[in-house]
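Report on one structure; see the data block that follows.
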Amino acid sequence: MTVHWAEAVTRFTAAWRRALHGDRPPPELAEFVPDAGVARAAVLTDLIRIDLRHRWERPGEGRTVGSYRADYPEMADSPALVELICEEFAARRDRAPLPLTDFLADYPDFAAAVRERLEQQDLAADAAALTLDRPLGALEAGQRLDDFDLRTELDAVAPGRCFLARQRSMQRLVAVWLFEGHGDRHRVARLDHPHILRVFDHRPLLTPTGSGRLVYTQYLPGGTARDVLDRVRTGPETDGGALLLRSVDAAMERTGEIRPADSPVRAELARLSWPETVAWLGRRLADAVDHADRHGVRYRALTPDTVLFTAEGEPKIADIADAAADPAYRAPEDPATAVDQRPSVYSLGLLLWELLTGARPFADSDDTATRRAGPPEAALRRLPADCPAALRRVLTTCLEYDPDRRWADAAILARQLDLCLDPRARDLVDPPQHSPRRRLRRWRIPLITLAIAVPNALASVFNVDYNRMLIIDKLTDQAAHRLDIGTAIVNFVGFGFGTVILAYFGRHLILVPYGLRRGGRFSEETLRRARTDAIVFGDRAVAVIFTLWMLSGMSFPLVIRGTSDAIRAYDYTHFIAMHAICGAVALVYPFFLVNFYVVRCLYPMFLAHGDIGGDATDGGQDAVRLRKLRRRSGIWLVVAALIPLAAVAGATLLTPADLTEIIVEVRVLALGSLIAFVGVYLLSLAMEKDLRALERVQAPAGVQPP
């Protein structure tokens, strides 16, 4: 029984660990509880404790002890019930302020026992507390505080004191934070992320003026975002990432630190413009916010004082200051009641806007109506002249007053900021204001129609003219008339039906951009469907055109049948050959023209309105489709190169008399297809670069597209 008990708890703990790290649904507790026997009662308490704690770490999934009692009646008389209620109180208080009186209203029969148990826990904490014989304000550098030798006082980012100290037991430099009041800082200690300040441990603190807390963390010498802001505000222009590095170096000089040499991170920062530097910082902070939220820690507000820097300029979020107390960086809604990361996205957007421009987008006096309208004109004028349209869009979306119009979580924001760091990709998604590409998006129906219709019309006219000279003019009037009528019927019915099919395939490309331009909103599934339809529309168009040309070619002998004319094998061979060449023209050039327009103008616009990139579960399907389209373009380019060669080769098989009769047409076809090949070759080169840029932003995190 003991082994089974331990195995159940171990397996349940492992299942929760996978759920927390992989953003999976919580494991079902009932699947791990023994069916009967002594072990059931024994293991149930431990499983409920684990499930209770982890569920309150995930927004919207918390459970009460009362719900467990309803599922497991045997818990009604359990001696561990009071302990579990205390666990629930601690878990819920970690998420949001919770008065004990309000909490105990749900458990009136256990109120006295729960109060007594919590008082005992507080007494035990006080016994382990570090006691000071003087107020926090009396501490000075050079003194010893328990295990820490205080060396230099640092700029505090919390309502308290912060010292650079040497921890004697570990022989390492740490930052020691001392502040009044009780804080729930222990949750962040389990977070392990390159852009979250690592908290080593914390201890209760008793001073002559009250209680408090000592927290010691890794030491970051590069100052705070507040220092960076001070430099941004000193003048109208910045010199890009070098400004951030100067701020970091100045902070290091104040504490006697030496700047690192040969740092690839610093070299990368030095090459960035200031808007790109802000996007670079924001991408890392957004990733940290998402990581923390998925592990049960939500940052209600991010301020310039809660972002610290390493010596290389890497940012880290410090969960030390009570950022939620600063209303200037909070979302309009109450972050404590939010079920997702949208308040954190709003707060991060405010911080990034302030770093970008040197001022917050909204004044403290701005009313609700002003904030609903988005950043005012005065705030927009403060944007740097070299600010990409993509970064402006991303930050404006962060600052939407309506939470439903913001990015759904910080992971999406991180990928959008990644997009802002790719010059070609961001210009595809957000063309410059007066770019022709922005205007051409509205003309998608006529442009795609022309891209398909013009090559098909030219190929059809040439094919009919060629066949008339070699074949049709040699037929009787009856056969020629019958062929004209049959061809007209086949073309009218076939191409009409093809138009309907293509309109159906392109319905999302017609309706979704129209709705987005009018301010409409679409689900992620609809946007994903629109992106997929855009990528494969060129291939679908080719498939429809190929089918129609096949039907047209097969109709020729069927229409002639029943007349007195007989088609020679020589004539029919040349009919099929020219039909194939003209059909290739009708396939190749629409493929390049349609896909060039879609890749350059249409597909990127969908990336501005939803999630981009991929994850481990979907393998980055958009990136895969884009890569396959790029490879198919190479194949179709070879076909385009073969068309003039096929025209010349086919002409060598004609009799001298026939060749003399159509030599002009052959030359037109060979020369025209050669010129057209040069055109599609240039299109393919541009499309190759566009596709590679889109692949980069659509590739799953950590995956480099080939």
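By order of appearance in the structure tokens: chains A, B, ..., then residues from 1 within every chain, and ligands from 1 in the order shown.
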Worksheet entry | Selection: 6 Å around region 381-395 of chain A, only C-alpha atoms, excl. self and same-chain fewer than 2 positions, as a list in words | Pro275, Gly349, Thr357, Ala378, Ala379, Thr397, Cys398, Cys420, Arg426 and Asp430 of chain A
Those same residues, written as a CSV table (one decimal), in the first residue's frame with C-alpha atoms?
```csv
chain,number,residue,atom,x,y,z
A,275,PRO,CA,12.7,51.6,-32.0
A,349,GLY,CA,2.7,48.3,-23.7
A,357,THR,CA,9.1,58.2,-26.7
A,378,ALA,CA,0.3,64.5,-29.1
A,379,ALA,CA,1.6,61.1,-28.1
A,397,THR,CA,-2.9,47.2,-29.9
A,398,CYS,CA,-1.4,46.7,-26.4
A,420,CYS,CA,9.2,44.3,-35.7
A,426,ARG,CA,7.6,44.1,-41.0
A,430,ASP,CA,2.8,47.0,-42.3
```
Practice prompt. Skip region 160-168 of chain A itself and residues of its chain fewer than 2 positions away, then list as a VMD selection string all residues within 9 Å of it, counting only C-alpha atoms.
Written response: chain A and resid 136 to 137 139 to 141 147 to 158 170 to 180 219 321
Worksheet, complete the sentence: Among A:Ile576, A:Leu214, A:Ile445, A:Ile612, Ala414 (chain A) is approached most closely, using only C-alpha atoms, by A:Ile612
Worksheet entry | Top pick for closest residue to Gly241 (chain A), considering A:Gly515, A:Gly498, A:Gly610, A:Gly313 and counting only C-alpha atoms | A:Gly313
Fill in: For Trp549 (chain A), the nearest of the candidates A:Arg298, A:His579, A:Arg521, A:Arg424, counting only C-alpha atoms
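Closest residue, counting only C-alpha atoms: A:His579.
Each of A:Ile317, A:Gly256, A:Arg300, A:Arg372 was compared to Leu191 (chain A) using only C-alpha atoms, and A:Ile317 turns out to be the nearest.
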Worksheet, complete the sentence: Nearest to Tyr597 (chain A), restricted to only C-alpha atoms and choosing among A:Ser684, A:Thr652, A:Thr532, A:Ser552, comes out as A:Ser684
Worksheet item: Mind pulling up the distance from CA of Val289 (chain A) to CA of Pro335 (chain A)?
Response: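 For CA of Pro335 (chain A) relative to CA of Val289 (chain A), the distance reads 14.0 Å.
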